[in-house]
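Asker: What follows is my_file.pdb, PDB, C-alpha atoms.
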ATOM      1  CA  MET A 237     -44.107  55.495 -46.134  1.00  0.00           C
ATOM      2  CA  LYS A 238     -43.444  51.884 -45.288  1.00  0.00           C
ATOM      3  CA  LYS A 239     -43.930  50.123 -41.982  1.00  0.00           C
ATOM      4  CA  LYS A 240     -40.186  49.722 -41.446  1.00  0.00           C
ATOM      5  CA  ASP A 241     -39.662  53.467 -41.985  1.00  0.00           C
ATOM      6  CA  VAL A 242     -42.299  54.303 -39.384  1.00  0.00           C
ATOM      7  CA  THR A 243     -40.765  51.773 -36.996  1.00  0.00           C
ATOM      8  CA  PHE A 244     -37.328  53.327 -37.509  1.00  0.00           C
ATOM      9  CA  ILE A 245     -38.604  56.858 -36.882  1.00  0.00           C
ATOM     10  CA  ILE A 246     -40.503  55.857 -33.736  1.00  0.00           C
ATOM     11  CA  GLY A 247     -37.501  53.904 -32.431  1.00  0.00           C
ATOM     12  CA  LEU A 248     -35.137  56.774 -33.203  1.00  0.00           C
ATOM     13  CA  THR A 249     -37.427  59.247 -31.444  1.00  0.00           C
ATOM     14  CA  ILE A 250     -37.697  57.081 -28.341  1.00  0.00           C
ATOM     15  CA  PHE A 251     -33.928  56.468 -28.277  1.00  0.00           C
ATOM     16  CA  MET A 252     -33.083  60.152 -28.646  1.00  0.00           C
ATOM     17  CA  GLY A 253     -35.684  61.033 -26.008  1.00  0.00           C
ATOM     18  CA  VAL A 254     -33.990  58.683 -23.581  1.00  0.00           C
ATOM     19  CA  VAL A 255     -30.577  60.187 -24.440  1.00  0.00           C
ATOM     20  CA  TRP A 256     -31.986  63.692 -23.865  1.00  0.00           C
ATOM     21  CA  VAL A 257     -33.496  62.724 -20.481  1.00  0.00           C
ATOM     22  CA  ILE A 258     -30.239  61.080 -19.366  1.00  0.00           C
ATOM     23  CA  GLY A 259     -28.335  64.215 -20.382  1.00  0.00           C
ATOM     24  CA  GLU A 260     -30.784  66.406 -18.475  1.00  0.00           C
ATOM     25  CA  LEU A 261     -30.442  64.213 -15.391  1.00  0.00           C
ATOM     26  CA  VAL A 262     -26.647  64.337 -15.572  1.00  0.00           C
ATOM     27  CA  MET A 263     -26.693  68.118 -15.989  1.00  0.00           C
ATOM     28  CA  GLY A 264     -29.239  68.529 -13.214  1.00  0.00           C
ATOM     29  CA  LEU A 265     -27.756  66.206 -10.629  1.00  0.00           C
ATOM     30  CA  TRP A 266     -23.998  65.957 -11.108  1.00  0.00           C
ATOM     31  CA  VAL A 267     -22.691  68.620 -13.488  1.00  0.00           C
ATOM     32  CA  ALA A 268     -23.267  72.278 -12.755  1.00  0.00           C
ATOM     33  CA  VAL A 269     -24.110  74.085 -16.000  1.00  0.00           C
ATOM     34  CA  VAL A 270     -25.524  77.452 -16.954  1.00  0.00           C
ATOM     35  CA  PRO A 271     -29.242  77.451 -17.821  1.00  0.00           C
ATOM     36  CA  LYS A 272     -28.582  78.027 -21.530  1.00  0.00           C
ATOM     37  CA  THR A 273     -26.861  74.656 -21.709  1.00  0.00           C
ATOM     38  CA  HIS A 274     -30.224  72.906 -21.371  1.00  0.00           C
ATOM     39  CA  ILE A 275     -31.527  74.721 -24.436  1.00  0.00           C
ATOM     40  CA  VAL A 276     -28.362  73.940 -26.400  1.00  0.00           C
ATOM     41  CA  TRP A 277     -28.574  70.279 -25.334  1.00  0.00           C
ATOM     42  CA  PHE A 278     -32.174  70.084 -26.556  1.00  0.00           C
ATOM     43  CA  ALA A 279     -31.221  71.755 -29.864  1.00  0.00           C
ATOM     44  CA  VAL A 280     -28.311  69.345 -30.392  1.00  0.00           C
ATOM     45  CA  ILE A 281     -30.525  66.305 -29.751  1.00  0.00           C
ATOM     46  CA  LEU A 282     -33.194  67.710 -32.086  1.00  0.00           C
ATOM     47  CA  VAL A 283     -30.709  68.384 -34.897  1.00  0.00           C
ATOM     48  CA  ILE A 284     -29.115  64.943 -34.578  1.00  0.00           C
ATOM     49  CA  THR A 285     -32.532  63.256 -34.611  1.00  0.00           C
ATOM     50  CA  LEU A 286     -33.668  65.186 -37.669  1.00  0.00           C
ATOM     51  CA  GLY A 287     -30.347  64.569 -39.420  1.00  0.00           C
ATOM     52  CA  VAL A 288     -30.460  60.819 -38.879  1.00  0.00           C
ATOM     53  CA  SER A 289     -34.113  60.725 -39.937  1.00  0.00           C
ATOM     54  CA  VAL A 290     -33.408  62.601 -43.184  1.00  0.00           C
ATOM     55  CA  TRP A 291     -30.325  60.466 -43.862  1.00  0.00           C
ATOM     56  CA  HIS A 292     -32.363  57.298 -43.375  1.00  0.00           C
ATOM     57  CA  SER A 293     -35.095  58.540 -45.709  1.00  0.00           C
ATOM     58  CA  MET A 294     -32.562  59.272 -48.453  1.00  0.00           C
ATOM     59  CA  ILE A 295     -31.115  55.765 -48.437  1.00  0.00           C
ATOM     60  CA  GLU A 296     -32.484  53.854 -51.372  1.00  0.00           C
ATOM     61  CA  ASP A 297     -34.161  50.603 -50.508  1.00  0.00           C
ATOM     62  CA  LYS A 298     -33.197  47.982 -53.081  1.00  0.00           C
ATOM     63  CA  SER A 299     -36.485  46.100 -52.650  1.00  0.00           C
ATOM     64  CA  ASP A 300     -38.358  49.032 -54.221  1.00  0.00           C
ATOM     65  CA  LEU A 301     -36.306  48.731 -57.376  1.00  0.00           C
ATOM     66  CA  GLU A 302     -37.426  45.150 -57.997  1.00  0.00           C
ATOM     67  CA  ASP A 303     -40.716  44.523 -59.780  1.00  0.00           C
ATOM     68  CA  PRO A 304     -42.871  42.182 -57.645  1.00  0.00           C
ATOM     69  CA  LYS A 305     -44.282  40.369 -60.676  1.00  0.00           C
ATOM     70  CA  ARG A 306     -40.823  39.839 -62.111  1.00  0.00           C
ATOM     71  CA  ALA A 307     -39.547  38.563 -58.760  1.00  0.00           C
ATOM     72  CA  LYS A 308     -42.423  36.088 -58.534  1.00  0.00           C
ATOM     73  CA  TYR A 309     -41.682  34.879 -62.059  1.00  0.00           C
ATOM     74  CA  GLU A 310     -37.988  34.452 -61.232  1.00  0.00           C
ATOM     75  CA  ARG A 311     -38.820  32.401 -58.125  1.00  0.00           C
ATOM     76  CA  LYS A 312     -41.097  30.114 -60.154  1.00  0.00           C
ATOM     77  CA  VAL A 313     -38.474  29.642 -62.872  1.00  0.00           C
ATOM     78  CA  ASN A 314     -35.755  28.894 -60.323  1.00  0.00           C
ATOM     79  CA  LYS A 315     -38.011  26.437 -58.533  1.00  0.00           C
ATOM     80  CA  ARG A 316     -38.679  24.540 -61.761  1.00  0.00           C
ATOM     81  CA  LYS A 317     -34.981  24.443 -62.609  1.00  0.00           C
ATOM     82  CA  LYS A 318     -34.185  22.837 -59.252  1.00  0.00           C
ATOM     83  CA  ASN A 319     -36.693  20.046 -59.817  1.00  0.00           C
TER      84      ASN A 319
END
Just give me the structure as structure tokens.

Answerer:
Amino acid sequence: MKKKDVTFIIGLTIFMGVVWVIGELVMGLWVAVVPKTHIVWFAVILVITLGVSVWHSMIEDKSDLEDPKRAKYERKVNKRKKN
């Protein structure tokens, strides 16, 4: 797992946690709901978070497809052509 993947997952978790807390505050302070709604709200947030995380992990990163040695060679060749 790469650093940017870990950063994305941590950011997503924090963001969805904030969304969940805001939803709980709204349901607790302003909107009267049955107690089961809190469980459903938590389940919805959990499913969305897991779905986005899995979707993000399935996206292919183009930088992995490029060979680092080949890329270095290409940069050197292009640099020489410019001069």

Asker: Hey, which of A:Trp291, A:Glu302, A:Ile275, A:Thr285 ends up closest to Ile246 of chain A? Count only C-alpha atoms.

Answerer: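 When distances to Ile246 of chain A are compared using only C-alpha atoms, the smallest one comes from A:Thr285.
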
Asker: Restricting the calculation to only C-alpha atoms, which member of A:Val276, A:Met294, A:Val242, A:Val288 is positioned closest to Gly259 of chain A?

Answerer: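 Looking only at the distances to Gly259 of chain A, the closest residue turns out to be A:Val276.
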
Asker: Could you tell me, as a PDB file with C-alpha atoms, in the coordinates of the input, exactly which residues end up selected when the PyMOL selection byres ((chain A and resi 252) around 12) is applied to this structure?

Answerer:
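out-v4.pdb, written as the output of this step:
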ATOM      1  CA  PHE A 244     -37.328  53.327 -37.509  1.00  0.00           C
ATOM      2  CA  ILE A 245     -38.604  56.858 -36.882  1.00  0.00           C
ATOM      3  CA  ILE A 246     -40.503  55.857 -33.736  1.00  0.00           C
ATOM      4  CA  GLY A 247     -37.501  53.904 -32.431  1.00  0.00           C
ATOM      5  CA  LEU A 248     -35.137  56.774 -33.203  1.00  0.00           C
ATOM      6  CA  THR A 249     -37.427  59.247 -31.444  1.00  0.00           C
ATOM      7  CA  ILE A 250     -37.697  57.081 -28.341  1.00  0.00           C
ATOM      8  CA  PHE A 251     -33.928  56.468 -28.277  1.00  0.00           C
ATOM      9  CA  GLY A 253     -35.684  61.033 -26.008  1.00  0.00           C
ATOM     10  CA  VAL A 254     -33.990  58.683 -23.581  1.00  0.00           C
ATOM     11  CA  VAL A 255     -30.577  60.187 -24.440  1.00  0.00           C
ATOM     12  CA  TRP A 256     -31.986  63.692 -23.865  1.00  0.00           C
ATOM     13  CA  VAL A 257     -33.496  62.724 -20.481  1.00  0.00           C
ATOM     14  CA  ILE A 258     -30.239  61.080 -19.366  1.00  0.00           C
ATOM     15  CA  GLY A 259     -28.335  64.215 -20.382  1.00  0.00           C
ATOM     16  CA  TRP A 277     -28.574  70.279 -25.334  1.00  0.00           C
ATOM     17  CA  PHE A 278     -32.174  70.084 -26.556  1.00  0.00           C
ATOM     18  CA  ALA A 279     -31.221  71.755 -29.864  1.00  0.00           C
ATOM     19  CA  VAL A 280     -28.311  69.345 -30.392  1.00  0.00           C
ATOM     20  CA  ILE A 281     -30.525  66.305 -29.751  1.00  0.00           C
ATOM     21  CA  LEU A 282     -33.194  67.710 -32.086  1.00  0.00           C
ATOM     22  CA  VAL A 283     -30.709  68.384 -34.897  1.00  0.00           C
ATOM     23  CA  ILE A 284     -29.115  64.943 -34.578  1.00  0.00           C
ATOM     24  CA  THR A 285     -32.532  63.256 -34.611  1.00  0.00           C
ATOM     25  CA  LEU A 286     -33.668  65.186 -37.669  1.00  0.00           C
ATOM     26  CA  GLY A 287     -30.347  64.569 -39.420  1.00  0.00           C
ATOM     27  CA  VAL A 288     -30.460  60.819 -38.879  1.00  0.00           C
ATOM     28  CA  SER A 289     -34.113  60.725 -39.937  1.00  0.00           C
TER      29      SER A 289
END

Asker: Can you measure atom CA of Pro304 of chain A to atom CA of Lys239 of chain A for me? One decimal in Å is fine.

Answerer: 17.6 Å
